[in-house]
$ cat coords-v3.txt   # compact mmCIF, C-alpha atoms
# COMPACT_ATOMS: atom_id res chain seq x y z
CA MET A 1 82.19 107.37 49.49
CA THR A 2 82.68 104.76 46.78
CA VAL A 3 82.03 101.06 47.38
CA LYS A 4 85.75 100.28 47.01
CA LYS A 5 86.71 102.91 49.58
CA SER A 6 84.07 101.79 52.07
CA GLU A 7 85.17 98.16 51.78
CA ARG A 8 88.78 99.19 52.28
CA LEU A 9 87.90 101.13 55.44
CA ILE A 10 85.86 98.23 56.82
CA VAL A 11 88.74 95.79 56.34
CA LYS A 12 91.22 98.16 57.99
CA PHE A 13 88.80 98.68 60.90
CA ILE A 14 88.14 94.97 61.39
CA THR A 15 91.86 94.14 61.30
CA ASN A 16 92.58 96.96 63.77
CA GLN A 17 94.73 98.93 61.30
CA ALA A 18 92.51 101.97 60.75
CA SER A 19 93.89 105.40 61.56
CA GLN A 20 92.06 108.01 63.66
CA GLU A 21 90.86 109.83 60.55
CA GLU A 22 89.69 106.58 58.92
CA ILE A 23 87.68 105.59 62.02
CA GLU A 24 85.96 108.99 61.95
CA THR A 25 85.21 108.65 58.23
CA LEU A 26 83.76 105.18 58.73
CA THR A 27 81.54 106.22 61.62
CA LYS A 28 80.16 109.17 59.67
CA TRP A 29 79.43 106.82 56.76
CA LEU A 30 77.56 104.51 59.14
CA GLU A 31 75.07 107.23 60.05
CA ASP A 32 73.16 106.10 56.95
CA GLU A 33 71.02 103.01 57.72
CA GLU A 34 71.64 101.58 54.23
CA ASN A 35 75.36 101.74 54.88
CA GLN A 36 74.86 99.89 58.15
CA THR A 37 73.30 97.03 56.19
CA VAL A 38 76.20 97.09 53.72
CA PHE A 39 78.64 96.93 56.63
CA LYS A 40 76.94 93.95 58.27
CA ASP A 41 76.67 92.04 54.98
CA PHE A 42 80.30 92.70 54.09
CA VAL A 43 81.57 91.55 57.49
CA LYS A 44 79.41 88.43 57.44
CA THR A 45 80.47 87.51 53.90
CA ASN A 46 84.17 88.31 54.04
CA PHE A 47 85.00 87.48 57.63
CA ALA A 48 82.52 84.65 58.25
CA ILE A 49 81.22 86.50 61.32
CA ASP A 50 77.64 87.06 62.39
CA ALA A 51 77.64 89.99 64.80
CA ALA A 52 74.52 88.76 66.57
CA MET A 53 76.28 85.55 67.62
CA HIS A 54 78.94 87.31 69.69
CA LYS A 55 78.59 88.66 73.19
CA PHE A 56 79.01 92.42 73.13
CA ASP A 57 79.26 94.97 75.89
CA SER A 58 77.82 98.32 74.75
CA SER A 59 80.34 100.16 76.93
CA GLU A 60 83.26 98.56 75.08
CA VAL A 61 83.44 101.26 72.41
CA ARG A 62 83.76 104.04 74.97
CA LYS A 63 86.20 102.01 77.03
CA GLN A 64 88.52 101.38 74.10
CA LEU A 65 88.41 105.01 72.96
CA THR A 66 89.06 106.23 76.50
CA GLU A 67 92.09 103.97 76.85
CA ARG A 68 93.50 105.28 73.57
CA VAL A 69 92.94 108.89 74.67
CA GLN A 70 94.67 108.28 77.99
CA ALA A 71 97.63 106.76 76.17
CA GLU A 72 98.15 109.98 74.22
CA SER A 73 99.89 113.01 75.68
CA ASN A 74 99.18 115.39 72.81
CA VAL A 75 96.27 117.72 73.59
CA PHE A 76 95.34 118.12 69.94
CA VAL A 77 95.07 114.36 69.50
CA LYS A 78 92.91 114.16 72.65
CA ARG A 79 90.53 116.71 71.20
CA ARG A 80 90.26 114.71 67.99
CA PHE A 81 89.52 111.55 69.93
CA SER A 82 86.89 113.33 71.99
CA SER A 83 84.94 113.91 68.79
CA TYR A 84 84.60 110.14 68.38
CA TYR A 85 82.31 109.88 71.39
CA LYS A 86 79.41 111.37 69.46
CA TYR A 87 79.71 108.42 67.06
CA ALA A 88 79.79 105.79 69.83
CA ALA A 89 76.03 105.26 69.71
CA ILE A 90 76.24 104.46 66.00
CA LEU A 91 79.09 102.04 66.58
CA VAL A 92 77.20 100.31 69.41
CA VAL A 93 74.15 99.80 67.21
CA VAL A 94 75.98 98.73 64.08
CA LEU A 95 79.11 97.05 65.38
CA GLY A 96 77.85 94.34 67.62
CA CYS A 97 81.02 92.71 66.39
CA PHE A 98 83.31 95.46 67.68
CA TYR A 99 84.18 93.24 70.64
CA PHE A 100 85.25 90.28 68.51
CA TYR A 101 88.27 91.92 66.93
CA LYS A 102 89.58 92.92 70.35
CA SER A 103 89.09 89.34 71.54
CA SER A 104 92.16 87.12 71.42
CA ASP A 105 90.64 84.00 69.84
CA VAL A 106 87.81 84.87 67.46
CA LEU A 107 89.79 86.34 64.55
CA LYS A 108 92.28 83.53 64.61
CA ALA A 109 89.53 81.05 63.92
CA LYS A 110 88.23 82.81 60.81
CA PRO A 111 89.33 81.39 57.46
CA ASN A 112 89.30 84.68 55.52
CA VAL A 113 91.66 86.61 57.79
CA VAL A 114 95.42 86.32 57.29
CA ILE A 115 97.41 85.63 60.46
CA PRO A 116 101.02 86.70 59.66
CA LYS A 117 103.97 85.19 61.45
CA GLU A 118 105.53 87.35 64.17
CA ASP A 119 109.33 87.52 64.16
CA GLU A 120 111.57 89.77 66.25
CA ILE A 121 113.90 92.59 65.23
CA VAL A 122 117.36 91.53 66.41
CA LEU A 123 120.47 93.56 67.27
CA GLN A 124 123.69 91.55 67.45
CA LEU A 125 126.35 93.26 69.53
CA ASP A 126 130.14 93.13 69.22
CA ASN A 127 130.45 90.46 71.92
CA GLU A 128 128.10 88.19 69.91
CA SER A 129 125.26 88.66 72.39
CA VAL A 130 121.84 89.27 70.87
CA GLU A 131 119.08 91.66 71.91
CA THR A 132 115.54 91.85 70.60
CA LEU A 133 114.08 95.29 69.84
CA ASP A 134 110.41 96.04 70.44
CA PRO A 135 109.30 98.98 68.22
CA ALA A 136 106.74 99.93 70.87
CA THR A 137 109.33 100.66 73.57
CA SER A 138 112.17 103.12 74.24
CA ARG A 139 115.42 102.48 76.10
CA ASN A 140 119.14 103.18 76.24
CA LEU A 141 121.57 100.97 74.34
CA THR A 142 124.75 99.93 76.16
CA ASP A 143 127.97 98.16 75.18
CA LYS A 144 129.49 95.15 76.98
CA PHE A 145 130.97 97.49 79.60
CA GLY A 146 127.61 99.04 80.40
CA LYS A 147 128.40 102.35 78.70
CA VAL A 148 125.53 104.04 76.87
CA ILE A 149 126.30 104.11 73.13
CA GLY A 150 122.89 105.05 71.81
CA ARG A 151 119.16 105.03 72.35
CA GLN A 152 116.17 103.26 70.91
CA THR A 153 113.09 105.44 70.58
CA LYS A 154 110.40 103.05 69.41
CA GLY A 155 111.07 102.30 65.71
CA LYS A 156 114.43 104.06 65.54
CA LEU A 157 117.94 103.49 66.90
CA VAL A 158 120.23 106.49 67.33
CA TYR A 159 123.98 106.05 67.94
CA THR A 160 126.13 108.85 69.38
CA ASP A 161 129.80 109.95 69.24
CA ALA A 162 130.73 109.97 65.57
CA PHE A 163 134.39 108.97 65.57
CA SER A 164 136.84 106.92 67.61
CA ASP A 165 140.62 106.53 67.80
CA GLY A 166 140.29 102.89 68.79
CA ARG A 167 139.39 99.72 66.91
CA LEU A 168 136.14 99.40 65.00
CA VAL A 169 133.34 97.79 66.97
CA TYR A 170 130.49 96.44 64.84
CA ASN A 171 126.80 95.87 65.52
CA THR A 172 124.42 94.08 63.16
CA LEU A 173 120.73 94.96 62.91
CA ARG A 174 118.44 92.29 61.39
CA ILE A 175 114.88 93.11 60.30
CA PRO A 176 112.47 90.18 59.74
CA TYR A 177 109.76 89.98 57.11
CA GLY A 178 106.75 92.08 57.97
CA LYS A 179 108.67 94.84 59.77
CA LYS A 180 110.78 97.93 59.01
CA PHE A 181 113.18 99.91 61.16
CA GLU A 182 115.23 103.11 61.09
CA ILE A 183 118.74 103.69 62.38
CA GLU A 184 120.81 106.85 62.73
CA LEU A 185 124.51 106.02 62.66
CA SER A 186 127.03 107.81 64.84
CA ASP A 187 127.93 110.26 62.03
CA GLY A 188 124.31 111.35 61.55
CA THR A 189 123.63 109.15 58.52
CA VAL A 190 120.04 107.86 58.55
CA VAL A 191 119.25 104.40 57.18
CA HIS A 192 115.72 103.08 56.59
CA LEU A 193 115.79 99.28 56.56
CA ASN A 194 113.13 97.35 54.68
CA SER A 195 111.67 93.97 55.62
CA GLY A 196 114.05 91.00 55.43
CA SER A 197 117.20 93.16 55.59
CA SER A 198 120.34 93.35 57.73
CA LEU A 199 122.93 96.09 58.21
CA ARG A 200 126.38 95.63 59.75
CA PHE A 201 127.84 98.95 60.91
CA PRO A 202 130.43 100.41 63.30
CA VAL A 203 129.21 101.71 66.64
CA LYS A 204 131.67 104.56 65.95
CA PHE A 205 133.53 105.29 62.74
CA GLN A 206 137.32 105.64 62.80
CA LYS A 207 138.99 109.01 62.33
CA ASN A 208 140.73 109.50 58.97
CA GLN A 209 139.18 106.30 57.58
CA ASN A 210 136.34 105.74 55.14
CA ARG A 211 132.93 105.11 56.67
CA GLN A 212 131.85 101.59 55.66
CA VAL A 213 128.68 99.58 56.25
CA TYR A 214 127.51 96.19 54.93
CA LEU A 215 124.00 95.60 53.60
CA ILE A 216 121.89 92.56 52.72
CA GLY A 217 118.33 93.30 51.60
CA GLU A 218 117.04 96.81 50.96
CA ALA A 219 117.71 100.19 52.54
CA PHE A 220 117.27 103.87 51.82
CA PHE A 221 120.31 105.94 52.84
CA GLU A 222 120.47 109.63 53.76
CA VAL A 223 124.23 110.01 54.12
CA SER A 224 125.68 112.79 56.24
CA LYS A 225 128.16 114.87 54.22
CA ASP A 226 131.81 114.54 55.21
CA LYS A 227 134.48 115.05 52.52
CA LYS A 228 137.20 113.71 54.81
CA HIS A 229 135.38 110.43 55.37
CA PRO A 230 133.75 108.99 52.20
CA PHE A 231 130.82 106.65 52.88
CA THR A 232 130.69 103.18 51.30
CA VAL A 233 127.81 100.69 51.24
CA ASN A 234 129.21 97.22 50.65
CA THR A 235 126.86 94.59 49.22
CA GLN A 236 127.52 91.06 48.05
CA GLU A 237 127.77 92.26 44.44
CA VAL A 238 128.24 96.04 44.14
CA ASN A 239 129.88 98.71 46.29
CA VAL A 240 128.41 102.22 46.49
CA GLU A 241 130.65 105.15 47.47
CA VAL A 242 129.35 108.62 48.34
CA LEU A 243 130.23 111.80 50.18
CA GLY A 244 126.70 112.86 51.12
CA THR A 245 123.54 111.92 49.26
CA LYS A 246 120.21 110.05 49.23
CA PHE A 247 119.83 106.73 47.47
CA ASN A 248 118.13 103.34 47.62
CA VAL A 249 119.94 99.99 47.48
CA SER A 250 118.10 96.72 46.84
CA THR A 251 120.29 93.63 47.12
CA TYR A 252 118.25 90.72 48.43
CA THR A 253 120.07 87.40 48.33
CA GLU A 254 117.24 85.69 46.44
CA ASP A 255 117.01 88.40 43.74
CA VAL A 256 118.99 88.11 40.53
CA THR A 257 119.93 91.81 40.42
CA THR A 258 121.31 94.51 42.68
CA ASP A 259 119.69 97.90 42.03
CA ILE A 260 120.89 101.31 43.19
CA VAL A 261 118.61 104.31 42.61
CA LEU A 262 119.95 107.81 43.22
CA VAL A 263 117.57 110.48 44.52
CA GLU A 264 120.02 113.25 45.42
CA GLY A 265 123.77 113.90 45.07
CA LYS A 266 126.21 111.66 43.22
CA VAL A 267 127.50 108.11 43.75
CA SER A 268 130.04 105.78 42.17
CA LEU A 269 129.40 102.07 41.75
CA TYR A 270 132.08 99.42 41.36
CA LYS A 271 132.67 95.70 41.61
CA ASP A 272 135.36 94.19 43.84
CA LYS A 273 138.14 96.75 44.44
CA LYS A 274 137.75 100.33 43.25
CA ALA A 275 139.94 101.40 40.32
CA ALA A 276 140.00 104.37 37.96
CA ASP A 277 138.54 102.34 35.09
CA ASN A 278 135.85 100.26 36.81
CA GLN A 279 133.52 102.89 38.27
CA THR A 280 130.01 103.73 37.09
CA TYR A 281 128.64 107.10 38.18
CA LEU A 282 125.00 107.91 38.91
CA THR A 283 123.31 111.30 38.91
CA PRO A 284 119.82 111.93 40.35
CA GLY A 285 117.09 109.95 38.58
CA LEU A 286 119.39 107.15 37.41
CA LYS A 287 119.27 103.50 38.41
CA GLY A 288 122.36 101.32 38.30
CA THR A 289 121.81 97.57 37.90
CA ASN A 290 124.14 94.61 38.18
CA ILE A 291 123.11 91.04 37.36
CA LYS A 292 124.62 88.74 39.95
CA GLY A 293 127.69 86.95 38.72
CA GLN A 294 128.39 89.53 36.00
CA GLN A 295 130.82 92.44 36.00
CA LYS A 296 128.81 94.92 33.95
CA ILE A 297 126.76 97.67 35.62
CA THR A 298 124.04 99.19 33.43
CA THR A 299 122.19 102.48 33.98
CA GLU A 300 118.79 103.85 33.04
CA SER A 301 116.54 106.80 33.90
CA VAL A 302 113.71 105.97 36.30
CA ASN A 303 111.00 107.52 38.44
CA THR A 304 112.70 107.37 41.83
CA ASP A 305 109.38 107.45 43.72
CA TYR A 306 108.64 103.94 42.46
CA TYR A 307 111.76 102.60 44.18
CA THR A 308 111.55 104.62 47.41
CA SER A 309 107.81 104.57 48.17
CA TRP A 310 108.29 101.65 50.57
CA VAL A 311 109.93 104.04 53.07
CA LYS A 312 106.52 105.66 53.63
CA GLY A 313 104.72 102.32 53.70
CA SER A 314 103.52 102.18 50.09
CA LEU A 315 103.83 99.26 47.70
CA VAL A 316 104.09 100.22 44.02
CA PHE A 317 104.10 97.66 41.22
CA LYS A 318 104.79 98.86 37.70
CA ASN A 319 104.91 96.33 34.87
CA ALA A 320 105.69 93.68 37.50
CA SER A 321 105.08 89.96 37.09
CA PHE A 322 102.74 88.32 39.55
CA ASP A 323 105.65 86.19 40.78
CA ALA A 324 107.62 89.36 41.58
CA ILE A 325 104.59 90.90 43.28
CA ILE A 326 103.95 88.00 45.63
CA LYS A 327 107.65 87.92 46.55
CA LYS A 328 107.38 91.54 47.74
CA LEU A 329 104.09 90.84 49.49
CA GLU A 330 105.73 87.98 51.38
CA ARG A 331 108.46 90.30 52.62
CA ASN A 332 106.14 93.16 53.47
CA TYR A 333 103.51 91.15 55.37
CA ASN A 334 105.52 88.12 56.56
CA VAL A 335 103.16 85.66 54.86
CA THR A 336 103.72 82.76 52.47
CA PHE A 337 102.21 82.50 48.99
CA ILE A 338 101.67 79.16 47.29
CA ASN A 339 100.93 79.89 43.64
CA ARG A 340 99.36 76.91 41.91
CA ASN A 341 98.53 78.98 38.84
CA LYS A 342 101.85 78.94 36.97
CA MET A 343 100.50 80.89 33.99
CA LEU A 344 99.42 83.70 36.31
CA GLY A 345 102.94 84.00 37.72
CA LYS A 346 104.24 85.41 34.43
CA GLU A 347 101.43 87.91 33.86
CA ILE A 348 102.20 91.65 34.24
CA PHE A 349 100.34 93.98 36.61
CA ASN A 350 100.32 97.60 37.76
CA ALA A 351 99.09 98.51 41.23
CA ARG A 352 99.70 100.76 44.23
CA PHE A 353 98.81 100.16 47.89
CA ASP A 354 99.28 102.76 50.62
CA ASN A 355 99.66 101.18 54.07
CA GLU A 356 96.90 98.69 53.30
CA PRO A 357 96.34 95.45 55.23
CA ILE A 358 97.00 92.28 53.25
CA GLU A 359 93.25 91.55 53.08
CA VAL A 360 92.71 94.74 51.05
CA VAL A 361 95.53 93.80 48.66
CA LEU A 362 94.09 90.32 48.13
CA LYS A 363 90.58 91.67 47.58
CA TYR A 364 91.91 94.13 44.99
CA PHE A 365 93.50 91.35 42.92
CA SER A 366 90.42 89.18 43.36
CA ASP A 367 87.98 91.89 42.26
CA SER A 368 90.11 93.47 39.53
CA TYR A 369 91.67 90.39 37.95
CA SER A 370 89.41 87.52 39.14
CA ILE A 371 92.31 85.90 40.97
CA ASP A 372 91.00 83.07 43.14
CA TYR A 373 92.68 82.33 46.46
CA LYS A 374 92.13 80.83 49.87
CA ILE A 375 93.73 81.61 53.24
CA ASN A 376 95.17 79.15 55.72
CA GLY A 377 96.73 81.00 58.67
CA ASP A 378 99.79 82.78 57.27
CA GLN A 379 99.52 81.00 53.91
CA ILE A 380 97.73 82.40 50.87
CA ILE A 381 97.07 79.75 48.25
CA ILE A 382 96.49 80.97 44.68
CA LYS A 383 94.21 78.51 42.87
$ encode --input "coords-v3.txt" --output "structure tokens"
Amino acid sequence: MTVKKSERLIVKFITNQASQEEIETLTKWLEDEENQTVFKDFVKTNFAIDAAMHKFDSSEVRKQLTERVQAESNVFVKRRFSSYYKYAAILVVVLGCFYFYKSSDVLKAKPNVVIPKEDEIVLQLDNESVETLDPATSRNLTDKFGKVIGRQTKGKLVYTDAFSDGRLVYNTLRIPYGKKFEIELSDGTVVHLNSGSSLRFPVKFQKNQNRQVYLIGEAFFEVSKDKKHPFTVNTQEVNVEVLGTKFNVSTYTEDVTTDIVLVEGKVSLYKDKKAADNQTYLTPGLKGTNIKGQQKITTESVNTDYYTSWVKGSLVFKNASFDAIIKKLERNYNVTFINRNKMLGKEIFNARFDNEPIEVVLKYFSDSYSIDYKINGDQIIIK
């Protein structure tokens, strides 16, 4: 395993973001005594923690693994976890600091660990009441009369009963920075909402009427096909009309452009009211862009993966200025950047991060481009 990969795994382990496979890889790597020394030095240097200074219960490793096994119902997953026990002895010897990252206070006191803000996902109902959604729970969703209209299953909301003869009843889902959420509308359309986004949508669509939703921020749409009921995404600048297709819309209030990238199918873009002479059509692989305040919509061929990778948790930066990068990092991790290096803000970078903690991202820029920074809670100050 390369030095970069080992450091990345250590950071993910320390910040409690490592997957099952990554924990297994790390423990195998730690069988080598030289790697144990590397681990201890890295933790001490980058997290200002001396393992020997913290009280540690040698049974803690087994206890934590057992609790995670008991929380799983899948037999296959249980078998995979059972294989971790043979590594417990290594973890006990090497990770005298295992206890500290489970402790509630120690990490918060360390200057090199980012502590993001925690904001709630909010669902505003038709009667103006507001509910918070916890992605770790599941429950039924009811209207003001107590009737079940859908269900939340952890990080996804699913609405039922596609069409109604009555008036439109709207809900609004708001996603804070640092979180993402998925919603399946009553017609079967699936919408992936990115951090800092909101979607206003009908609980049920009306028969013989267009399906319309209202977006601020960024979302990836997988629209259910229905020729009788065209689907329209309304943004502050551009409207997107489809019959059934997959596309990404980015229309953050603070951005100067609205971008629509088509992955599958066909869409028409237009400003204000639709007319025969004001529509721009996209085919797969095209991006439509509108500069806010202007009427013109331009198109260009793009690699759609670059614009949709966020759905799977990846961050991809291609020929992006550092100012644009830190804006996306703020949304993705719910942190605040203070960039005191104005020249750096205009420089162009290329990078890709796959479900990495913010500490790994910062270390990458520090090691690769000698970018100096310091951390103060949820603030990252670029020197």
$ residues_around --input "coords-v3.txt" --residues "range 269-273 of chain A" --least-positions-apart "6" --cutoff "10 Å" --atoms "all atoms listed in the file" --output "PyMOL selection string"
chain A and resi 232-242+260+279-282+288-290+294-297
$ write_last_selection --input "coords-v3.txt" --atoms "C-alpha atoms" --output "PDB file, in the frame of the given file"
ATOM      1  CA  THR A 232     130.690 103.180  51.300  1.00  0.00           C
ATOM      2  CA  VAL A 233     127.810 100.690  51.240  1.00  0.00           C
ATOM      3  CA  ASN A 234     129.210  97.220  50.650  1.00  0.00           C
ATOM      4  CA  THR A 235     126.860  94.590  49.220  1.00  0.00           C
ATOM      5  CA  GLN A 236     127.520  91.060  48.050  1.00  0.00           C
ATOM      6  CA  GLU A 237     127.770  92.260  44.440  1.00  0.00           C
ATOM      7  CA  VAL A 238     128.240  96.040  44.140  1.00  0.00           C
ATOM      8  CA  ASN A 239     129.880  98.710  46.290  1.00  0.00           C
ATOM      9  CA  VAL A 240     128.410 102.220  46.490  1.00  0.00           C
ATOM     10  CA  GLU A 241     130.650 105.150  47.470  1.00  0.00           C
ATOM     11  CA  VAL A 242     129.350 108.620  48.340  1.00  0.00           C
ATOM     12  CA  ILE A 260     120.890 101.310  43.190  1.00  0.00           C
ATOM     13  CA  GLN A 279     133.520 102.890  38.270  1.00  0.00           C
ATOM     14  CA  THR A 280     130.010 103.730  37.090  1.00  0.00           C
ATOM     15  CA  TYR A 281     128.640 107.100  38.180  1.00  0.00           C
ATOM     16  CA  LEU A 282     125.000 107.910  38.910  1.00  0.00           C
ATOM     17  CA  GLY A 288     122.360 101.320  38.300  1.00  0.00           C
ATOM     18  CA  THR A 289     121.810  97.570  37.900  1.00  0.00           C
ATOM     19  CA  ASN A 290     124.140  94.610  38.180  1.00  0.00           C
ATOM     20  CA  GLN A 294     128.390  89.530  36.000  1.00  0.00           C
ATOM     21  CA  GLN A 295     130.820  92.440  36.000  1.00  0.00           C
ATOM     22  CA  LYS A 296     128.810  94.920  33.950  1.00  0.00           C
ATOM     23  CA  ILE A 297     126.760  97.670  35.620  1.00  0.00           C
TER      24      ILE A 297
END
$ atom_distance --input "coords-v3.txt" --atom1 "CA of Ser224 in chain A" --atom2 "CA of Lys204 in chain A"
14.1 Å
$ atom_distance --input "coords-v3.txt" --atom1 "CA of Ala320 in chain A" --atom2 "CA of Ile348 in chain A"
5.2 Å
$ atom_distance --input "coords-v3.txt" --atom1 "CA of Lys225 in chain A" --atom2 "CA of Asp187 in chain A"
9.1 Å
$ residues_around --input "coords-v3.txt" --residues "Gln209 in chain A" --least-positions-apart "6" --cutoff "9 Å" --atoms "all atoms listed in the file" --output "number ranges by chain"
A: 228-230
$ closest_atom_pairs --input "coords-v3.txt" --of "range 159-277 of chain A" --to "range 299-303 of chain A" --cutoff "10 Å" --atoms "all atoms listed in the file" --output "JSON lines"
{"residue": "A:Asp259", "atom": "CA", "partner": "A:Thr299", "partner_atom": "CA", "distance": 9.6}
{"residue": "A:Ile260", "atom": "CA", "partner": "A:Thr299", "partner_atom": "CA", "distance": 9.4}
{"residue": "A:Val261", "atom": "CA", "partner": "A:Val302", "partner_atom": "CA", "distance": 8.2}
{"residue": "A:Leu262", "atom": "CA", "partner": "A:Val302", "partner_atom": "CA", "distance": 9.5}
{"residue": "A:Val263", "atom": "CA", "partner": "A:Asn303", "partner_atom": "CA", "distance": 9.4}
$ write_last_selection --input "coords-v3.txt" --atoms "C-alpha atoms" --output "JSON list (two decimals), in the frame of the given file"
[["chain", "number", "residue", "atom", "x", "y", "z"],
["A", 259, "ASP", "CA", 119.69, 97.90, 42.03],
["A", 260, "ILE", "CA", 120.89, 101.31, 43.19],
["A", 261, "VAL", "CA", 118.61, 104.31, 42.61],
["A", 262, "LEU", "CA", 119.95, 107.81, 43.22],
["A", 263, "VAL", "CA", 117.57, 110.48, 44.52]]
